[in-house]
>>> print(open('input16.txt').read())   # compact mmCIF, C-alpha atoms
# COMPACT_ATOMS: atom_id res chain seq x y z
CA MET Z 1 -2.05 15.92 10.44
CA GLN Z 2 -5.52 16.86 9.27
CA PHE Z 3 -7.92 14.43 7.64
CA HIS Z 4 -10.83 15.16 5.31
CA PHE Z 5 -13.02 12.08 5.05
CA ASP Z 6 -15.15 11.20 2.06
CA THR Z 7 -16.93 8.02 1.06
CA LEU Z 8 -15.33 6.94 -2.20
CA PRO Z 9 -15.16 3.92 -4.53
CA LEU Z 10 -12.09 1.89 -3.57
CA HIS Z 11 -11.36 0.81 -7.13
CA GLU Z 12 -11.03 4.44 -8.28
CA LEU Z 13 -8.55 5.20 -5.50
CA ILE Z 14 -6.45 2.16 -6.40
CA ASP Z 15 -6.60 2.84 -10.15
CA SER Z 16 -5.55 6.48 -9.81
CA THR Z 17 -2.70 5.58 -7.45
CA LEU Z 18 -1.42 2.93 -9.86
CA GLN Z 19 -1.54 5.39 -12.73
CA SER Z 20 0.37 8.02 -10.78
CA ASN Z 21 3.11 5.48 -9.90
CA LEU Z 22 3.44 3.96 -13.36
CA GLY Z 23 6.31 6.23 -14.45
CA TYR Z 24 8.27 5.45 -11.29
CA ALA Z 25 7.80 1.72 -11.88
CA GLN Z 26 8.95 2.07 -15.48
CA SER Z 27 12.10 3.89 -14.36
CA PHE Z 28 13.04 0.72 -12.44
CA ALA Z 29 11.84 -1.61 -15.24
CA ILE Z 30 9.11 -2.95 -12.96
CA GLU Z 31 5.67 -3.98 -14.18
CA LEU Z 32 2.69 -3.06 -11.99
CA CYS Z 33 -0.02 -5.74 -12.12
CA TYR Z 34 -3.50 -5.19 -10.72
CA ASP Z 35 -5.16 -8.46 -11.51
CA THR Z 36 -7.94 -8.60 -8.95
CA PRO Z 37 -9.86 -5.35 -9.15
CA VAL Z 38 -12.33 -4.93 -6.33
CA ASP Z 39 -16.02 -4.64 -7.10
CA ALA Z 40 -16.79 -1.12 -8.33
CA THR Z 41 -19.61 -0.78 -5.81
CA ILE Z 42 -17.36 -1.07 -2.73
CA LEU Z 43 -16.98 2.23 -0.90
CA VAL Z 44 -14.54 3.21 1.82
CA ARG Z 45 -14.59 6.25 4.07
CA VAL Z 46 -11.09 7.68 3.84
CA ASP Z 47 -9.11 10.81 3.30
CA ALA Z 48 -8.39 10.32 -0.41
CA GLN Z 49 -5.08 12.18 -0.30
CA ARG Z 50 -3.86 10.15 2.68
CA PHE Z 51 -5.02 6.86 1.15
CA VAL Z 52 -3.12 7.64 -2.05
CA GLN Z 53 -0.08 8.64 0.01
CA VAL Z 54 -0.11 5.30 1.87
CA LEU Z 55 -0.63 3.17 -1.22
CA SER Z 56 2.00 5.18 -3.13
CA ASN Z 57 4.48 4.59 -0.31
CA LEU Z 58 3.83 0.85 -0.38
CA LEU Z 59 4.17 0.82 -4.16
CA SER Z 60 7.38 2.86 -4.21
CA ASN Z 61 8.96 0.62 -1.58
CA ALA Z 62 7.93 -2.50 -3.50
CA ILE Z 63 9.35 -1.03 -6.70
CA LYS Z 64 12.63 0.04 -5.07
CA PHE Z 65 13.22 -3.31 -3.40
CA SER Z 66 12.30 -5.44 -6.42
CA ARG Z 67 14.76 -7.01 -8.79
CA PRO Z 68 15.12 -5.25 -12.18
CA HIS Z 69 12.58 -6.37 -14.79
CA GLY Z 70 10.37 -7.80 -12.07
CA GLN Z 71 6.81 -7.09 -11.16
CA VAL Z 72 4.76 -5.78 -8.29
CA ASP Z 73 1.30 -7.26 -7.80
CA VAL Z 74 -1.56 -5.27 -6.33
CA ARG Z 75 -4.58 -7.19 -5.09
CA ALA Z 76 -7.80 -6.13 -3.42
CA SER Z 77 -10.28 -8.38 -1.71
CA VAL Z 78 -13.31 -8.18 0.55
CA ILE Z 79 -13.21 -10.08 3.83
CA ASP Z 80 -16.44 -9.79 5.78
CA ASP Z 81 -16.98 -6.04 6.35
CA GLN Z 82 -13.43 -5.05 5.42
CA VAL Z 83 -11.36 -4.55 2.30
CA ARG Z 84 -7.76 -5.65 2.09
CA VAL Z 85 -5.36 -4.05 -0.37
CA GLU Z 86 -2.06 -5.89 -0.86
CA VAL Z 87 1.16 -4.80 -2.52
CA GLN Z 88 3.39 -7.81 -3.26
CA ASP Z 89 6.97 -7.63 -4.48
CA TYR Z 90 9.39 -10.45 -5.25
CA GLY Z 91 12.54 -8.64 -4.21
CA ILE Z 92 14.99 -8.72 -1.35
CA GLY Z 93 12.50 -9.22 1.49
CA ILE Z 94 12.97 -8.15 5.11
CA SER Z 95 15.34 -9.79 7.58
CA GLU Z 96 13.92 -11.36 10.74
CA GLU Z 97 15.87 -8.89 12.91
CA PHE Z 98 14.33 -5.87 11.19
CA LYS Z 99 10.69 -7.01 11.15
CA THR Z 100 9.94 -5.81 14.68
CA SER Z 101 11.06 -2.23 14.01
CA ILE Z 102 9.86 -1.70 10.46
CA PHE Z 103 7.04 0.71 11.40
CA GLN Z 104 9.23 2.84 13.69
CA LYS Z 105 10.38 6.32 12.63
CA PHE Z 106 13.71 6.76 10.87
CA THR Z 107 14.35 3.04 10.48
CA GLN Z 108 15.95 1.37 7.54
CA GLU Z 109 17.45 -2.08 7.57
CA ASP Z 110 21.04 -0.81 7.45
CA ALA Z 111 23.08 2.19 6.39
CA LYS Z 112 24.14 0.47 3.18
CA ALA Z 113 20.49 -0.06 2.22
CA ALA Z 114 19.68 3.56 3.07
CA ARG Z 115 22.32 4.75 0.61
CA LYS Z 116 21.37 2.26 -2.08
CA TYR Z 117 17.60 2.68 -1.89
CA ALA Z 118 17.32 6.31 -0.78
CA GLY Z 119 14.75 7.18 1.81
CA THR Z 120 14.24 8.81 5.16
CA GLY Z 121 12.83 5.83 7.01
CA LEU Z 122 9.59 7.71 7.70
CA GLY Z 123 7.27 6.29 5.04
CA LEU Z 124 6.04 3.19 6.83
CA SER Z 125 5.73 4.95 10.18
CA LEU Z 126 3.59 7.69 8.61
CA SER Z 127 1.61 5.10 6.64
CA LYS Z 128 0.79 3.23 9.83
CA THR Z 129 -0.42 6.42 11.52
CA MET Z 130 -2.56 7.41 8.53
CA VAL Z 131 -4.14 3.97 8.05
CA GLU Z 132 -5.00 3.78 11.75
CA LYS Z 133 -6.56 7.28 11.69
CA MET Z 134 -8.75 6.04 8.81
CA GLY Z 135 -9.93 3.12 10.96
CA GLY Z 136 -7.74 0.49 9.36
CA GLN Z 137 -4.65 -1.58 9.97
CA ILE Z 138 -1.39 -2.14 8.15
CA GLY Z 139 0.84 -5.19 8.21
CA PHE Z 140 3.17 -7.32 6.17
CA ILE Z 141 4.47 -10.80 5.46
CA SER Z 142 8.02 -11.12 4.21
CA THR Z 143 10.63 -13.75 3.50
CA GLU Z 144 14.21 -12.64 3.04
CA ASN Z 145 15.34 -12.95 -0.59
CA LEU Z 146 11.81 -13.85 -1.75
CA GLY Z 147 9.90 -10.61 -1.30
CA SER Z 148 7.33 -8.86 0.83
CA CYS Z 149 3.58 -8.39 0.87
CA PHE Z 150 2.40 -5.24 2.63
CA TYR Z 151 -1.32 -4.90 3.18
CA ILE Z 152 -3.82 -2.45 4.54
CA THR Z 153 -7.30 -3.28 5.73
CA LEU Z 154 -10.09 -0.75 5.94
CA PRO Z 155 -13.73 -1.01 6.92
CA ILE Z 156 -16.20 -0.99 4.07
CA ALA Z 157 -18.30 2.16 4.27
CA ALA Z 158 -21.11 0.84 2.07
CA ALA Z 159 -21.85 -0.87 -1.17
CA MET Z 160 -23.50 1.38 -3.71
CA THR Z 161 -27.00 0.41 -4.72
CA PRO Z 162 -28.97 1.91 -7.57
CA SER Z 163 -30.95 4.85 -6.30
CA LEU Z 164 -34.71 4.89 -6.62
CA THR Z 165 -34.52 7.92 -8.88
CA GLU Z 166 -32.62 5.91 -11.49
CA ALA Z 167 -35.43 3.36 -11.89
>>> encode(input="input16.txt", output="structure tokens")
Amino acid sequence: MQFHFDTLPLHELIDSTLQSNLGYAQSFAIELCYDTPVDATILVRVDAQRFVQVLSNLLSNAIKFSRPHGQVDVRASVIDDQVRVEVQDYGIGISEEFKTSIFQKFTQEDAKAARKYAGTGLGLSLSKTMVEKMGGQIGFISTENLGSCFYITLPIAAAMTPSLTEA
């Protein structure tokens, strides 16, 4: 897996990913809510394609495992020298037994779920690899029957400041 790193505004990456997943959300009657946009000056050093792939995976999982006519919340925050992007659903959640293996390859909670929700069981494993290669971490908090919040943290590359030539 090759990576091409650029320093990019986080809010643009999130906005474009949300836009590209809007149709998928609508097909499940799910509303995507991004109610805490991160400061436009926050930059991250990532492979844009891989970042979008990870966030799209988290969004598609949240959409698939939500109840019809529900919503998926996306939040971004700055904690010290890191950004945290969260994808929260209010769907079926993850059982205690499955939590320890969720980032392993080819894992889905059970065969019935695999048929109902369609997937290979590779998305979260690949997402973990990609986030770690970009210097970040991925994790989740989930309560069965109440939903899940998957999050990624990445180091802040810089905050943009007006250049001297603009003055």
>>> closest_residue(input="input16.txt", among="Z:Met130, Z:Met1, Z:Leu8, Z:Leu58", to="Z:Asn21", atoms="all atoms listed in the file")
Z:Leu58
>>> atom_distance(input="input16.txt", atom1="atom CA of Z:Ile102", atom2="atom CA of Z:Leu146")
17.3 Å
>>> closest_residue(input="input16.txt", among="Z:Leu55, Z:Val72, Z:Leu126, Z:Ile141", to="Z:Val85", atoms="only C-alpha atoms")
Z:Leu55
>>> residues_near_point(input="input16.txt", point="(19.6, -4.2, -14.6)", cutoff="12 Å", atoms="all atoms listed in the file", output="list in words")
Ser27, Phe28, Ala29, Ile30, Ser66, Arg67, Pro68, His69 and Gly70 of chain Z
>>> residues_around(input="input16.txt", residues="Z:Gly147", least_positions_apart="3", cutoff="12 Å", atoms="all atoms listed in the file", output="count of residues only")
26
>>> atom_distance(input="input16.txt", atom1="atom CA of Z:Gln137", atom2="atom CA of Z:Thr153")
5.3 Å
>>> residues_near_point(input="input16.txt", point="(4.1, 5.5, 11.7)", cutoff="7 Å", atoms="all atoms listed in the file", output="list in words")
Phe103, Gln104, Lys105, Leu124, Ser125, Leu126, Ser127, Lys128 and Thr129 of chain Z
>>> atom_distance(input="input16.txt", atom1="atom CA of Z:Asp81", atom2="atom CA of Z:Gln2")
25.8 Å
>>> closest_residue(input="input16.txt", among="Z:Leu10, Z:Val38, Z:Cys149, Z:Leu154", to="Z:Val83", atoms="all atoms listed in the file")
Z:Leu154
>>> residues_around(input="input16.txt", residues="Z:Tyr34", least_positions_apart="6", cutoff="12 Å", atoms="all atoms listed in the file", output="MDAnalysis selection string")
chainID Z and resid 11 14:19 22 59 71:77 85:88
>>> write_last_selection(input="input16.txt", atoms="C-alpha atoms", output="CSV table (one decimal), in the coordinates of the input")
chain,number,residue,atom,x,y,z
Z,11,HIS,CA,-11.4,0.8,-7.1
Z,14,ILE,CA,-6.4,2.2,-6.4
Z,15,ASP,CA,-6.6,2.8,-10.2
Z,16,SER,CA,-5.6,6.5,-9.8
Z,17,THR,CA,-2.7,5.6,-7.4
Z,18,LEU,CA,-1.4,2.9,-9.9
Z,19,GLN,CA,-1.5,5.4,-12.7
Z,22,LEU,CA,3.4,4.0,-13.4
Z,59,LEU,CA,4.2,0.8,-4.2
Z,71,GLN,CA,6.8,-7.1,-11.2
Z,72,VAL,CA,4.8,-5.8,-8.3
Z,73,ASP,CA,1.3,-7.3,-7.8
Z,74,VAL,CA,-1.6,-5.3,-6.3
Z,75,ARG,CA,-4.6,-7.2,-5.1
Z,76,ALA,CA,-7.8,-6.1,-3.4
Z,77,SER,CA,-10.3,-8.4,-1.7
Z,85,VAL,CA,-5.4,-4.0,-0.4
Z,86,GLU,CA,-2.1,-5.9,-0.9
Z,87,VAL,CA,1.2,-4.8,-2.5
Z,88,GLN,CA,3.4,-7.8,-3.3
>>> closest_residue(input="input16.txt", among="Z:Val52, Z:Val44, Z:Val131, Z:Leu32", to="Z:Pro155", atoms="all atoms listed in the file")
Z:Val44
>>> closest_residue(input="input16.txt", among="Z:Cys33, Z:Ile156, Z:Ala25, Z:Val78", to="Z:Ser56", atoms="only C-alpha atoms")
Z:Ala25
>>> closest_residue(input="input16.txt", among="Z:Ser20, Z:Arg45, Z:Pro37, Z:Glu31", to="Z:Phe3", atoms="all atoms listed in the file")
Z:Arg45
